[in-house]
>>> print(open('final.csv').read())   # CSV, C-alpha atoms
chain,number,residue,atom,x,y,z
A,144,MET,CA,94.3,106.4,107.7
A,145,PRO,CA,93.4,110.0,107.0
A,146,SER,CA,95.7,111.6,104.5
A,147,VAL,CA,96.3,115.3,104.4
A,148,SER,CA,98.7,116.9,102.0
A,149,ASP,CA,100.0,120.3,103.0
A,150,GLU,CA,103.0,120.3,100.7
A,151,HIS,CA,102.2,123.7,99.2
A,152,ALA,CA,101.8,125.3,102.6
A,153,VAL,CA,105.0,127.4,102.6
A,154,HIS,CA,104.0,130.7,104.1
A,155,SER,CA,105.8,133.9,104.3
A,156,PRO,CA,105.1,135.1,107.9
A,157,GLU,CA,104.5,138.7,106.9
A,158,ILE,CA,101.8,137.9,104.3
A,159,GLU,CA,98.4,136.8,105.6
A,160,THR,CA,96.9,134.4,103.1
A,161,ARG,CA,93.2,133.4,103.2
A,162,ARG,CA,93.3,129.6,103.0
A,163,ALA,CA,90.9,126.9,101.9
A,164,VAL,CA,90.8,123.1,101.9
A,165,ILE,CA,90.1,121.2,98.7
A,166,ALA,CA,88.8,117.7,99.1
A,167,GLY,CA,88.0,115.2,96.4
A,168,HIS,CA,88.3,111.9,94.7
A,169,ALA,CA,91.7,110.3,94.1
A,170,ASP,CA,94.3,113.0,93.2
A,171,PHE,CA,91.8,115.6,92.2
A,172,ALA,CA,92.7,118.1,94.9
A,173,ALA,CA,96.4,117.8,94.6
A,174,GLY,CA,96.1,118.1,90.8
A,175,LEU,CA,94.0,121.3,91.1
A,176,ILE,CA,96.4,122.8,93.6
A,177,SER,CA,99.3,121.9,91.3
A,178,ALA,CA,97.5,123.7,88.4
A,179,VAL,CA,96.9,126.8,90.6
A,180,GLN,CA,100.6,126.8,91.6
A,181,GLN,CA,101.7,126.5,87.9
A,182,ILE,CA,99.4,129.3,86.7
A,183,ALA,CA,99.5,131.7,89.6
A,184,GLY,CA,102.1,130.6,92.1
A,185,ARG,CA,99.4,130.6,94.8
A,186,GLY,CA,99.1,126.9,95.5
A,187,ASP,CA,99.8,127.6,99.1
A,188,THR,CA,96.3,129.0,99.4
A,189,PHE,CA,95.0,125.5,99.5
A,190,VAL,CA,95.4,122.2,101.4
A,191,ALA,CA,94.5,119.0,99.6
A,192,VAL,CA,92.6,116.0,101.0
A,193,SER,CA,92.0,112.8,99.1
A,194,ASN,CA,89.2,110.4,99.9
A,195,ALA,CA,91.2,107.5,98.4
A,196,GLY,CA,90.9,104.4,100.6
A,197,LEU,CA,89.0,106.1,103.4
A,198,SER,CA,85.7,105.4,105.1
A,199,GLY,CA,83.2,108.2,105.5
A,200,ALA,CA,84.4,108.7,109.1
A,201,ASP,CA,88.0,108.9,108.1
A,202,ILE,CA,87.3,111.4,105.3
A,203,GLU,CA,85.6,113.6,107.9
A,204,SER,CA,88.5,113.2,110.2
A,205,ALA,CA,91.0,114.0,107.4
A,206,ILE,CA,89.1,117.1,106.3
A,207,GLY,CA,88.7,118.3,109.9
A,208,GLN,CA,92.5,117.9,110.4
A,209,ALA,CA,93.2,119.9,107.3
A,210,LEU,CA,90.8,122.6,108.4
A,211,ASP,CA,92.5,122.8,111.8
A,212,LEU,CA,96.0,122.7,110.3
A,213,SER,CA,95.3,125.5,107.7
A,214,LYS,CA,92.8,127.5,109.8
A,215,ALA,CA,90.7,127.6,106.7
A,216,ALA,CA,87.0,128.7,106.8
A,217,VAL,CA,86.3,127.5,103.3
A,218,LEU,CA,86.1,124.0,102.0
A,219,PHE,CA,85.8,123.1,98.3
A,220,THR,CA,84.7,119.7,97.2
A,221,ASP,CA,84.3,118.1,93.8
A,222,LEU,CA,81.0,116.2,93.4
A,223,PRO,CA,77.9,117.4,95.1
A,224,ALA,CA,77.0,113.7,95.7
A,225,GLY,CA,80.5,112.7,96.7
A,226,SER,CA,81.7,111.3,100.0
A,227,CYS,CA,83.8,114.5,100.6
A,228,THR,CA,80.7,116.6,100.3
A,229,MET,CA,78.8,114.3,102.7
A,230,SER,CA,81.6,114.6,105.2
A,231,ALA,CA,81.8,118.4,104.6
A,232,ARG,CA,78.1,118.8,105.5
A,233,ARG,CA,78.6,116.8,108.6
A,234,LEU,CA,81.5,119.0,109.6
A,235,GLN,CA,79.4,122.1,109.1
A,236,ARG,CA,77.2,121.0,112.0
A,237,ALA,CA,80.1,121.3,114.4
A,238,ARG,CA,81.6,124.3,112.6
A,239,PRO,CA,78.8,126.6,111.8
A,240,GLY,CA,81.2,129.2,110.3
A,241,LEU,CA,82.5,126.8,107.7
A,242,VAL,CA,81.6,127.6,104.1
A,243,VAL,CA,81.3,124.6,101.7
A,244,VAL,CA,81.4,125.0,98.0
A,245,THR,CA,80.8,121.9,95.8
A,246,GLY,CA,81.8,121.4,92.2
A,247,VAL,CA,85.1,123.3,92.4
A,248,ASN,CA,87.0,123.8,89.2
A,249,LEU,CA,90.2,125.5,88.3
A,250,ALA,CA,88.7,128.9,87.6
A,251,THR,CA,87.0,128.7,91.0
A,252,ALA,CA,90.2,128.0,92.8
A,253,LEU,CA,92.1,130.7,90.9
A,254,GLU,CA,89.5,133.3,91.7
A,255,PHE,CA,89.5,132.4,95.4
A,256,ALA,CA,93.3,132.6,95.5
A,257,PHE,CA,93.1,136.2,94.2
A,258,ARG,CA,90.2,137.6,96.2
A,259,ALA,CA,91.0,140.6,98.3
A,260,PRO,CA,92.2,139.7,101.8
A,261,ASN,CA,89.8,142.1,103.4
A,262,GLU,CA,86.8,140.1,102.1
A,263,SER,CA,85.1,137.6,104.4
A,264,ALA,CA,85.7,134.0,103.6
A,265,ALA,CA,82.0,133.6,102.6
A,266,GLN,CA,82.2,136.6,100.2
A,267,ALA,CA,85.4,135.2,98.6
A,268,ALA,CA,83.8,131.7,98.3
A,269,HIS,CA,80.6,133.1,96.7
A,270,ALA,CA,82.6,135.2,94.2
A,271,ALA,CA,84.8,132.2,93.4
A,272,ALA,CA,81.8,130.0,92.8
A,273,GLU,CA,80.3,132.5,90.5
A,274,LYS,CA,83.5,132.8,88.5
A,275,GLY,CA,83.8,129.0,88.2
A,276,ARG,CA,80.2,128.7,87.1
A,277,ALA,CA,80.6,131.3,84.4
A,278,THR,CA,83.6,129.4,82.9
A,279,LEU,CA,81.5,126.4,81.9
A,280,VAL,CA,80.9,127.2,78.3
A,281,VAL,CA,80.1,124.9,75.4
A,282,HIS,CA,81.6,125.9,72.1
A,283,GLY,CA,80.2,124.5,68.9
B,131,MET,CA,63.1,92.3,89.7
B,132,PRO,CA,64.1,96.0,89.5
B,133,ILE,CA,66.9,95.7,92.1
B,134,ALA,CA,70.1,95.8,90.1
B,135,LEU,CA,72.5,95.5,93.1
B,136,TYR,CA,72.5,94.7,96.8
B,137,ARG,CA,75.6,96.6,97.9
B,138,ILE,CA,77.6,96.8,101.0
B,139,ASP,CA,79.3,100.2,101.1
B,140,ASP,CA,80.3,102.1,104.3
B,141,ARG,CA,80.1,105.4,102.4
B,142,LEU,CA,76.5,104.7,101.6
B,143,ILE,CA,75.4,107.2,99.0
B,144,HIS,CA,78.4,108.7,97.2
B,145,GLY,CA,80.0,109.3,93.8
B,146,GLN,CA,80.6,105.7,92.9
B,147,VAL,CA,76.9,104.8,93.6
B,148,VAL,CA,75.2,107.8,92.1
B,149,VAL,CA,77.5,108.3,89.1
B,150,GLY,CA,79.6,105.2,88.7
B,151,TRP,CA,76.7,102.7,89.0
B,152,GLY,CA,73.8,105.1,88.7
B,153,GLN,CA,74.4,106.3,85.1
B,154,PRO,CA,75.2,103.0,83.3
B,155,LEU,CA,72.4,101.2,85.1
B,156,GLU,CA,70.0,104.1,84.8
B,157,LEU,CA,69.2,103.8,88.5
B,158,ARG,CA,66.0,105.6,89.5
B,159,PHE,CA,65.8,104.7,93.1
B,160,ILE,CA,68.0,103.9,96.0
B,161,ILE,CA,66.8,102.0,99.1
B,162,LEU,CA,69.2,102.8,101.9
B,163,ILE,CA,68.8,100.4,104.8
B,164,ASP,CA,70.4,101.7,107.9
B,165,ASP,CA,69.0,102.0,111.4
B,166,ASP,CA,70.9,105.2,112.3
B,167,VAL,CA,70.0,106.9,109.1
B,168,ALA,CA,66.4,105.7,109.3
B,169,GLY,CA,66.2,107.4,112.7
B,170,SER,CA,67.6,110.8,111.7
B,171,GLU,CA,65.8,113.3,109.5
B,172,TRP,CA,69.0,115.3,109.2
B,173,GLU,CA,71.0,112.3,107.8
B,174,GLN,CA,68.2,111.6,105.4
B,175,GLU,CA,68.2,115.2,104.1
B,176,LEU,CA,71.9,115.0,103.7
B,177,TYR,CA,71.7,111.9,101.5
B,178,ARG,CA,68.7,113.3,99.5
B,179,MET,CA,70.7,116.4,98.8
B,180,GLY,CA,73.4,114.2,97.1
B,181,VAL,CA,71.3,112.6,94.5
B,182,PRO,CA,69.9,114.0,91.2
B,183,PRO,CA,66.3,114.9,91.1
B,184,GLU,CA,65.3,112.0,88.9
B,185,MET,CA,66.6,109.5,91.6
B,186,GLU,CA,64.3,108.7,94.5
B,187,VAL,CA,65.8,107.7,97.9
B,188,CYS,CA,63.9,105.6,100.3
B,189,PHE,CA,65.1,105.0,103.9
B,190,SER,CA,64.4,102.0,105.9
B,191,SER,CA,65.4,100.3,109.2
B,192,VAL,CA,66.6,96.7,108.9
B,193,ASP,CA,63.4,95.5,110.7
B,194,SER,CA,61.2,97.3,108.1
B,195,ALA,CA,63.3,96.3,105.1
B,196,GLY,CA,61.2,93.4,104.1
B,197,SER,CA,58.1,95.5,103.5
B,198,THR,CA,60.1,98.1,101.8
B,199,LEU,CA,61.6,95.6,99.4
B,200,ASN,CA,58.2,94.2,98.7
B,201,GLN,CA,56.9,97.7,98.0
B,202,PHE,CA,59.6,98.2,95.3
B,203,SER,CA,59.5,94.6,93.9
B,204,THR,CA,56.9,95.6,91.3
B,205,ASP,CA,58.5,98.9,90.4
B,206,ALA,CA,59.4,99.1,86.8
B,207,ARG,CA,62.3,101.4,87.4
B,208,MET,CA,65.9,100.2,88.1
B,209,GLY,CA,67.1,100.5,91.7
B,210,ILE,CA,69.8,99.6,94.2
B,211,VAL,CA,69.8,98.5,97.8
B,212,LEU,CA,72.5,100.0,100.0
B,213,VAL,CA,73.7,98.9,103.4
B,214,GLY,CA,76.7,100.2,105.4
B,215,ASP,CA,78.1,97.0,106.8
B,216,ILE,CA,78.3,93.2,106.5
B,217,GLY,CA,76.3,92.5,109.6
B,218,THR,CA,73.3,94.5,108.2
B,219,MET,CA,73.5,92.6,104.9
B,220,GLN,CA,73.6,89.3,106.8
B,221,ARG,CA,70.4,90.2,108.6
B,222,LEU,CA,68.8,91.3,105.3
B,223,VAL,CA,69.8,88.0,103.6
B,224,ASN,CA,68.5,85.9,106.5
B,225,ALA,CA,65.1,87.7,106.4
B,226,ASN,CA,64.7,88.0,102.7
B,227,ALA,CA,65.1,85.0,100.4
B,228,VAL,CA,64.8,87.3,97.4
B,229,ILE,CA,68.4,88.4,97.7
B,230,LYS,CA,70.5,86.2,95.3
B,231,THR,CA,73.6,88.3,94.8
B,232,VAL,CA,75.6,90.7,97.1
B,233,ASN,CA,78.1,93.3,96.0
B,234,ILE,CA,80.9,94.3,98.3
B,235,GLY,CA,81.5,97.9,97.2
B,236,GLY,CA,83.5,99.5,100.0
B,237,VAL,CA,84.5,98.3,103.5
B,238,HIS,CA,87.4,100.6,104.3
B,239,HIS,CA,90.3,100.4,106.7
B,240,SER,CA,89.7,100.5,110.5
B,241,PRO,CA,91.6,98.9,113.4
B,242,GLY,CA,91.3,95.1,113.5
B,243,ARG,CA,90.6,94.8,109.8
B,244,THR,CA,93.0,93.2,107.3
B,245,ALA,CA,93.4,94.4,103.7
B,246,ARG,CA,91.8,92.2,101.0
B,247,LEU,CA,91.5,94.8,98.3
B,248,ARG,CA,92.3,98.5,98.2
B,249,TYR,CA,88.6,99.1,99.0
B,250,VAL,CA,87.9,96.0,101.2
B,251,PHE,CA,89.3,95.5,104.7
B,252,LEU,CA,87.8,92.8,106.9
B,253,THR,CA,87.9,91.5,110.4
B,254,PRO,CA,87.7,87.7,111.0
B,255,GLU,CA,84.1,88.2,112.1
B,256,GLU,CA,83.2,90.0,108.9
B,257,GLU,CA,84.8,87.3,106.9
B,258,GLN,CA,82.6,84.8,108.7
B,259,GLY,CA,79.6,87.0,108.0
B,260,LEU,CA,80.4,86.9,104.3
B,261,ARG,CA,80.9,83.2,104.3
B,262,ALA,CA,77.5,82.8,106.1
B,263,ILE,CA,75.8,85.0,103.4
B,264,ALA,CA,77.4,82.8,100.7
B,265,ALA,CA,76.3,79.6,102.5
B,266,ALA,CA,72.7,80.8,102.3
B,267,GLY,CA,73.0,80.4,98.5
B,268,VAL,CA,73.9,84.0,97.7
B,269,GLU,CA,76.6,84.9,95.2
B,270,VAL,CA,79.0,87.3,96.9
B,271,THR,CA,81.5,89.4,94.8
B,272,ALA,CA,83.6,92.4,95.4
B,273,GLN,CA,83.4,95.2,92.7
B,274,ASP,CA,83.7,98.9,93.4
B,275,VAL,CA,82.7,100.2,89.9
B,276,PRO,CA,81.0,98.6,86.9
B,277,GLY,CA,84.1,98.4,84.8
B,278,ALA,CA,86.1,96.5,87.4
B,279,ARG,CA,86.2,92.7,87.5
B,280,PRO,CA,83.8,91.1,90.0
B,281,ILE,CA,86.0,89.2,92.5
B,282,PRO,CA,84.4,86.1,93.9
B,283,LEU,CA,84.3,85.7,97.7
B,284,GLU,CA,86.7,82.7,97.8
B,285,GLU,CA,89.2,84.6,95.7
B,286,LEU,CA,88.8,87.7,97.9
B,287,LEU,CA,89.4,85.8,101.1
B,288,SER,CA,92.2,83.8,99.7
B,289,GLY,CA,94.2,87.0,99.2
B,290,GLU,CA,95.3,85.8,95.7
B,291,GLN,CA,93.7,88.7,93.8
B,292,ASN,CA,95.9,91.3,92.3
B,293,GLU,CA,94.8,94.9,91.5
>>> encode(input="final.csv", output="C-alpha coordinates")
Amino acid sequence: MPSVSDEHAVHSPEIETRRAVIAGHADFAAGLISAVQQIAGRGDTFVAVSNAGLSGADIESAIGQALDLSKAAVLFTDLPAGSCTMSARRLQRARPGLVVVTGVNLATALEFAFRAPNESAAQAAHAAAEKGRATLVVHG
Amino acid sequence: MPIALYRIDDRLIHGQVVVGWGQPLELRFIILIDDDVAGSEWEQELYRMGVPPEMEVCFSSVDSAGSTLNQFSTDARMGIVLVGDIGTMQRLVNANAVIKTVNIGGVHHSPGRTARLRYVFLTPEEEQGLRAIAAAGVEVTAQDVPGARPIPLEELLSGEQNE
(Lines of atoms letter the chains of each structure in order from A and count residues from 1; the text may use other names and numbers.)
(Lines give C-alpha, C1' and ligand atoms only; values in the text may rest on other atoms or scores of the structure.)
Protein backbone atom coordinates (compact mmCIF):
# COMPACT_ATOMS: atom_id res chain seq x y z
CA MET A 1 0.00 0.00 0.00
CA PRO A 2 2.48 2.68 -1.06
CA SER A 3 1.37 6.14 -0.04
CA VAL A 4 2.58 9.22 -1.84
CA SER A 5 1.34 12.66 -0.94
CA ASP A 6 1.56 15.30 -3.66
CA GLU A 7 -0.91 17.69 -2.10
CA HIS A 8 1.45 20.65 -2.41
CA ALA A 9 2.19 20.00 -6.07
CA VAL A 10 0.26 22.90 -7.54
CA HIS A 11 2.52 24.20 -10.28
CA SER A 12 2.34 27.26 -12.34
CA PRO A 13 3.15 26.09 -15.89
CA GLU A 14 5.41 29.05 -16.68
CA ILE A 15 7.63 28.54 -13.61
CA GLU A 16 10.02 25.60 -13.70
CA THR A 17 10.62 24.44 -10.14
CA ARG A 18 13.40 22.05 -9.17
CA ARG A 19 11.68 19.40 -7.14
CA ALA A 20 12.66 16.84 -4.55
CA VAL A 21 11.10 14.00 -2.63
CA ILE A 22 11.22 13.89 1.17
CA ALA A 23 10.78 10.43 2.69
CA GLY A 24 10.65 9.66 6.38
CA HIS A 25 8.98 8.12 9.37
CA ALA A 26 5.29 8.68 10.11
CA ASP A 27 4.28 12.27 9.16
CA PHE A 28 7.82 13.65 9.19
CA ALA A 29 7.89 14.55 5.48
CA ALA A 30 4.41 16.06 5.38
CA GLY A 31 5.20 18.10 8.48
CA LEU A 32 8.45 19.39 7.04
CA ILE A 33 6.77 20.35 3.77
CA SER A 34 4.00 22.04 5.68
CA ALA A 35 6.61 24.12 7.54
CA VAL A 36 8.35 25.06 4.26
CA GLN A 37 4.99 26.14 2.89
CA GLN A 38 4.21 28.23 5.96
CA ILE A 39 7.61 29.91 6.04
CA ALA A 40 8.30 30.39 2.37
CA GLY A 41 5.27 29.37 0.35
CA ARG A 42 7.41 26.84 -1.49
CA GLY A 43 5.94 23.58 -0.26
CA ASP A 44 5.32 22.63 -3.87
CA THR A 45 9.06 22.04 -4.25
CA PHE A 46 8.59 18.74 -2.43
CA VAL A 47 6.62 15.52 -2.51
CA ALA A 48 6.15 13.62 0.76
CA VAL A 49 6.49 9.88 1.30
CA SER A 50 5.72 8.19 4.61
CA ASN A 51 7.06 4.75 5.51
CA ALA A 52 4.17 4.11 7.91
CA GLY A 53 2.85 0.58 7.63
CA LEU A 54 5.01 -0.29 4.63
CA SER A 55 7.49 -3.09 4.08
CA GLY A 56 10.91 -2.24 2.73
CA ALA A 57 9.81 -3.22 -0.79
CA ASP A 58 6.72 -1.03 -0.55
CA ILE A 59 8.74 1.94 0.72
CA GLU A 60 11.00 1.56 -2.29
CA SER A 61 7.99 1.42 -4.57
CA ALA A 62 6.39 4.49 -2.96
CA ILE A 63 9.56 6.54 -3.26
CA GLY A 64 10.07 5.42 -6.84
CA GLN A 65 6.52 6.45 -7.65
CA ALA A 66 7.06 9.85 -6.04
CA LEU A 67 10.30 10.38 -7.98
CA ASP A 68 8.55 9.50 -11.25
CA LEU A 69 5.58 11.70 -10.45
CA SER A 70 7.65 14.73 -9.50
CA LYS A 71 10.56 14.13 -11.90
CA ALA A 72 12.77 14.87 -8.92
CA ALA A 73 16.48 14.09 -9.01
CA VAL A 74 17.00 14.67 -5.28
CA LEU A 75 15.68 12.56 -2.43
CA PHE A 76 15.86 13.68 1.18
CA THR A 77 15.48 11.16 4.00
CA ASP A 78 15.38 11.52 7.78
CA LEU A 79 17.52 8.92 9.54
CA PRO A 80 20.71 7.58 7.96
CA ALA A 81 19.84 4.16 9.43
CA GLY A 82 16.16 4.38 8.57
CA SER A 83 14.17 2.23 6.19
CA CYS A 84 13.64 5.16 3.79
CA THR A 85 17.39 5.60 3.47
CA MET A 86 17.86 1.89 2.84
CA SER A 87 15.23 2.05 0.11
CA ALA A 88 16.78 5.22 -1.27
CA ARG A 89 20.18 3.57 -1.64
CA ARG A 90 18.60 0.64 -3.44
CA LEU A 91 16.84 3.04 -5.81
CA GLN A 92 20.18 4.71 -6.57
CA ARG A 93 21.41 1.50 -8.14
CA ALA A 94 18.71 1.73 -10.79
CA ARG A 95 18.81 5.54 -10.98
CA PRO A 96 22.49 6.54 -11.00
CA GLY A 97 21.63 10.25 -11.31
CA LEU A 98 19.62 10.26 -8.12
CA VAL A 99 21.12 12.32 -5.28
CA VAL A 100 20.26 11.12 -1.75
CA VAL A 101 20.65 13.40 1.26
CA THR A 102 20.09 11.89 4.71
CA GLY A 103 19.28 13.73 7.92
CA VAL A 104 17.17 16.44 6.30
CA ASN A 105 15.99 19.26 8.53
CA LEU A 106 13.91 22.38 7.96
CA ALA A 107 16.88 24.59 7.12
CA THR A 108 18.02 22.07 4.52
CA ALA A 109 14.62 21.97 2.88
CA LEU A 110 14.28 25.75 2.86
CA GLU A 111 17.71 26.22 1.33
CA PHE A 112 16.98 23.67 -1.37
CA ALA A 113 13.71 25.41 -2.20
CA PHE A 114 15.55 28.69 -2.76
CA ARG A 115 18.60 27.51 -4.71
CA ALA A 116 19.01 29.04 -8.16
CA PRO A 117 17.23 27.08 -10.87
CA ASN A 118 20.32 27.01 -13.08
CA GLU A 119 22.25 24.96 -10.51
CA SER A 120 22.38 21.23 -10.98
CA ALA A 121 20.33 19.09 -8.63
CA ALA A 122 23.53 17.80 -7.05
CA GLN A 123 24.88 21.31 -6.47
CA ALA A 124 21.61 22.39 -4.88
CA ALA A 125 21.55 19.28 -2.70
CA HIS A 126 25.12 19.82 -1.48
CA ALA A 127 24.46 23.48 -0.69
CA ALA A 128 21.26 22.61 1.14
CA ALA A 129 22.99 19.91 3.17
CA GLU A 130 25.71 22.36 4.20
CA LYS A 131 23.10 24.90 5.28
CA GLY A 132 21.24 22.30 7.33
CA ARG A 133 24.42 21.08 9.00
CA ALA A 134 25.38 24.61 9.97
CA THR A 135 22.07 25.25 11.71
CA LEU A 136 22.66 22.58 14.34
CA VAL A 137 23.89 24.75 17.19
CA VAL A 138 23.88 24.13 20.91
CA HIS A 139 23.26 27.21 23.03
CA GLY A 140 24.15 27.13 26.67
CA MET B 1 23.25 -14.81 27.13
CA PRO B 2 23.96 -11.50 25.40
CA ILE B 3 21.16 -11.80 22.83
CA ALA B 4 18.46 -9.42 24.03
CA LEU B 5 16.01 -10.08 21.22
CA TYR B 6 15.31 -12.58 18.46
CA ARG B 7 13.31 -10.37 16.12
CA ILE B 8 11.26 -10.93 12.96
CA ASP B 9 11.27 -7.68 10.99
CA ASP B 10 10.91 -7.46 7.21
CA ARG B 11 12.74 -4.12 7.18
CA LEU B 12 15.72 -5.80 8.88
CA ILE B 13 18.10 -3.03 10.02
CA HIS B 14 16.22 0.28 10.30
CA GLY B 15 15.38 3.09 12.71
CA GLN B 16 13.33 1.06 15.19
CA VAL B 17 16.11 -1.48 15.54
CA VAL B 18 19.13 0.81 15.62
CA VAL B 19 17.61 3.64 17.65
CA GLY B 20 14.36 2.37 19.18
CA TRP B 21 15.84 -0.83 20.62
CA GLY B 22 19.51 -0.10 20.15
CA GLN B 23 19.77 2.86 22.50
CA PRO B 24 17.84 1.65 25.59
CA LEU B 25 19.32 -1.84 25.36
CA GLU B 26 22.78 -0.50 24.55
CA LEU B 27 23.06 -2.93 21.65
CA ARG B 28 26.60 -3.41 20.41
CA PHE B 29 26.06 -6.06 17.76
CA ILE B 30 23.42 -7.22 15.31
CA ILE B 31 23.38 -10.71 13.83
CA LEU B 32 21.42 -10.48 10.59
CA ILE B 33 20.39 -13.92 9.39
CA ASP B 34 19.20 -13.84 5.82
CA ASP B 35 20.31 -15.99 2.90
CA ASP B 36 19.96 -13.22 0.31
CA VAL B 37 21.87 -10.64 2.34
CA ALA B 38 24.53 -13.20 3.30
CA GLY B 39 25.14 -13.74 -0.41
CA SER B 40 25.39 -10.08 -1.40
CA GLU B 41 28.35 -7.86 -0.54
CA TRP B 42 26.38 -4.85 -1.75
CA GLU B 43 23.46 -5.52 0.60
CA GLN B 44 25.86 -6.06 3.50
CA GLU B 45 27.57 -2.75 2.83
CA LEU B 46 24.18 -1.05 2.68
CA TYR B 47 23.22 -2.35 6.12
CA ARG B 48 26.66 -1.63 7.63
CA MET B 49 26.34 1.94 6.44
CA GLY B 50 23.13 2.32 8.46
CA VAL B 51 24.51 1.53 11.89
CA PRO B 52 26.65 3.67 14.20
CA PRO B 53 30.35 2.84 14.42
CA GLU B 54 30.06 1.31 17.88
CA MET B 55 27.63 -1.33 16.59
CA GLU B 56 29.01 -4.43 14.88
CA VAL B 57 26.93 -6.18 12.21
CA CYS B 58 27.45 -9.85 11.46
CA PHE B 59 25.79 -11.51 8.46
CA SER B 60 24.92 -15.16 8.32
CA SER B 61 22.99 -17.61 6.17
CA VAL B 62 20.36 -19.70 7.94
CA ASP B 63 22.49 -22.82 7.56
CA SER B 64 25.48 -21.11 9.21
CA ALA B 65 23.43 -19.45 11.94
CA GLY B 66 24.12 -22.11 14.56
CA SER B 67 27.86 -21.55 14.53
CA THR B 68 27.39 -17.78 14.38
CA LEU B 69 25.14 -17.85 17.45
CA ASN B 70 27.67 -20.03 19.25
CA GLN B 71 30.42 -17.60 18.37
CA PHE B 72 28.52 -14.73 20.00
CA SER B 73 27.14 -16.73 22.95
CA THR B 74 30.09 -15.81 25.18
CA ASP B 75 30.25 -12.20 24.03
CA ALA B 76 29.84 -9.81 26.95
CA ARG B 77 28.17 -7.16 24.81
CA MET B 78 24.42 -6.92 24.26
CA GLY B 79 23.15 -7.95 20.83
CA ILE B 80 20.11 -8.71 18.72
CA VAL B 81 19.30 -11.38 16.14
CA LEU B 82 17.30 -10.22 13.14
CA VAL B 83 15.47 -12.23 10.48
CA GLY B 84 13.17 -10.95 7.74
CA ASP B 85 10.37 -13.51 7.83
CA ILE B 86 8.58 -16.08 9.96
CA GLY B 87 9.79 -19.07 7.96
CA THR B 88 13.41 -18.15 8.63
CA MET B 89 12.74 -17.79 12.36
CA GLN B 90 11.00 -21.17 12.34
CA ARG B 91 14.08 -22.77 10.79
CA LEU B 92 16.28 -21.05 13.37
CA VAL B 93 14.15 -22.20 16.30
CA ASN B 94 14.08 -25.77 15.01
CA ALA B 95 17.86 -25.84 14.77
CA ASN B 96 18.75 -23.86 17.88
CA ALA B 97 17.28 -24.78 21.26
CA VAL B 98 18.87 -21.69 22.76
CA ILE B 99 16.06 -19.47 21.42
CA LYS B 100 13.45 -19.04 24.17
CA THR B 101 11.65 -15.89 23.06
CA VAL B 102 10.73 -14.45 19.68
CA ASN B 103 9.74 -10.85 19.00
CA ILE B 104 7.49 -10.03 16.03
CA GLY B 105 8.64 -6.53 15.16
CA GLY B 106 7.32 -5.95 11.66
CA VAL B 107 5.56 -8.13 9.08
CA HIS B 108 3.95 -5.60 6.80
CA HIS B 109 1.08 -5.76 4.37
CA SER B 110 1.29 -7.81 1.21
CA PRO B 111 -1.33 -9.66 -0.85
CA GLY B 112 -2.82 -12.63 1.01
CA ARG B 113 -2.01 -11.30 4.45
CA THR B 114 -4.61 -10.28 7.04
CA ALA B 115 -4.09 -7.35 9.40
CA ARG B 116 -3.41 -8.35 13.01
CA LEU B 117 -1.75 -5.15 14.17
CA ARG B 118 -0.76 -2.03 12.29
CA TYR B 119 2.69 -3.57 11.90
CA VAL B 120 1.73 -7.26 11.68
CA PHE B 121 -0.06 -8.81 8.70
CA LEU B 122 -0.14 -12.60 8.38
CA THR B 123 -1.09 -15.31 5.90
CA PRO B 124 -2.68 -18.49 7.31
CA GLU B 125 0.65 -20.28 6.67
CA GLU B 126 2.53 -17.63 8.64
CA GLU B 127 0.07 -18.00 11.52
CA GLN B 128 0.76 -21.72 11.50
CA GLY B 129 4.47 -20.99 11.48
CA LEU B 130 4.15 -18.83 14.58
CA ARG B 131 2.04 -21.47 16.32
CA ALA B 132 4.70 -24.05 15.51
CA ILE B 133 7.39 -21.81 17.03
CA ALA B 134 5.28 -21.43 20.17
CA ALA B 135 4.64 -25.18 20.29
CA ALA B 136 8.42 -25.66 20.50
CA GLY B 137 8.33 -23.91 23.87
CA VAL B 138 9.22 -20.45 22.65
CA GLU B 139 7.43 -17.38 23.99
CA VAL B 140 6.20 -15.38 20.99
CA THR B 141 5.07 -11.77 21.35
CA ALA B 142 4.49 -8.83 19.03
CA GLN B 143 6.13 -5.54 20.01
CA ASP B 144 7.44 -2.95 17.60
CA VAL B 145 9.24 -0.66 20.07
CA PRO B 146 10.36 -1.09 23.70
CA GLY B 147 7.68 1.22 25.09
CA ALA B 148 4.82 -0.74 23.54
CA ARG B 149 2.99 -3.55 25.31
CA PRO B 150 4.21 -7.01 24.26
CA ILE B 151 1.19 -8.77 22.76
CA PRO B 152 1.14 -12.54 23.34
CA LEU B 153 0.71 -14.74 20.27
CA GLU B 154 -2.75 -16.04 21.23
CA GLU B 155 -4.00 -12.50 21.70
CA LEU B 156 -2.42 -11.45 18.42
CA LEU B 157 -4.08 -14.25 16.49
CA SER B 158 -7.42 -13.85 18.22
CA GLY B 159 -7.72 -10.36 16.80
CA GLU B 160 -8.86 -9.00 20.17
CA GLN B 161 -6.02 -6.56 20.71
CA ASN B 162 -6.69 -2.89 20.27
CA GLU B 163 -4.08 -0.29 19.44
>>> interface_residues(input="final.csv", of="chain B", to="chain A", cutoff="12 Å", atoms="all atoms listed in the file", output="JSON, numbers by chain")
{"B": [139, 140, 141, 142, 143, 144, 145, 146, 147, 148, 149, 150, 152, 172, 173, 174, 175, 176, 177, 178, 179, 180, 181, 182, 183, 185, 214, 215, 235, 236, 237, 238, 239, 240, 241, 245, 247, 248, 249, 250, 251, 274]}
>>> atom_distance(input="final.csv", atom1="atom CA of B:Thr204", atom2="atom CA of B:Gly277")
28.1 Å
>>> atom_distance(input="final.csv", atom1="atom CA of B:Glu257", atom2="atom CA of B:Leu287")
7.6 Å
>>> atom_distance(input="final.csv", atom1="atom CA of A:Val217", atom2="atom CA of A:Ile182")
21.2 Å
>>> closest_residue(input="final.csv", among="B:Gly196, B:Pro276, B:Pro132, B:Gly289", to="B:Asn224", atoms="all atoms listed in the file")
B:Gly196
>>> closest_residue(input="final.csv", among="A:Val192, A:Ser204, A:Arg161, A:Ser177", to="A:Ala259", atoms="all atoms listed in the file")
A:Arg161
>>> closest_residue(input="final.csv", among="B:Ser170, B:Leu286, B:Ile161, B:Ile234", to="B:Gln201", atoms="only C-alpha atoms")
B:Ile161
>>> closest_residue(input="final.csv", among="A:Ala231, A:Val281, A:Ala271, A:Leu253", to="A:Ala178", atoms="all atoms listed in the file")
A:Leu253
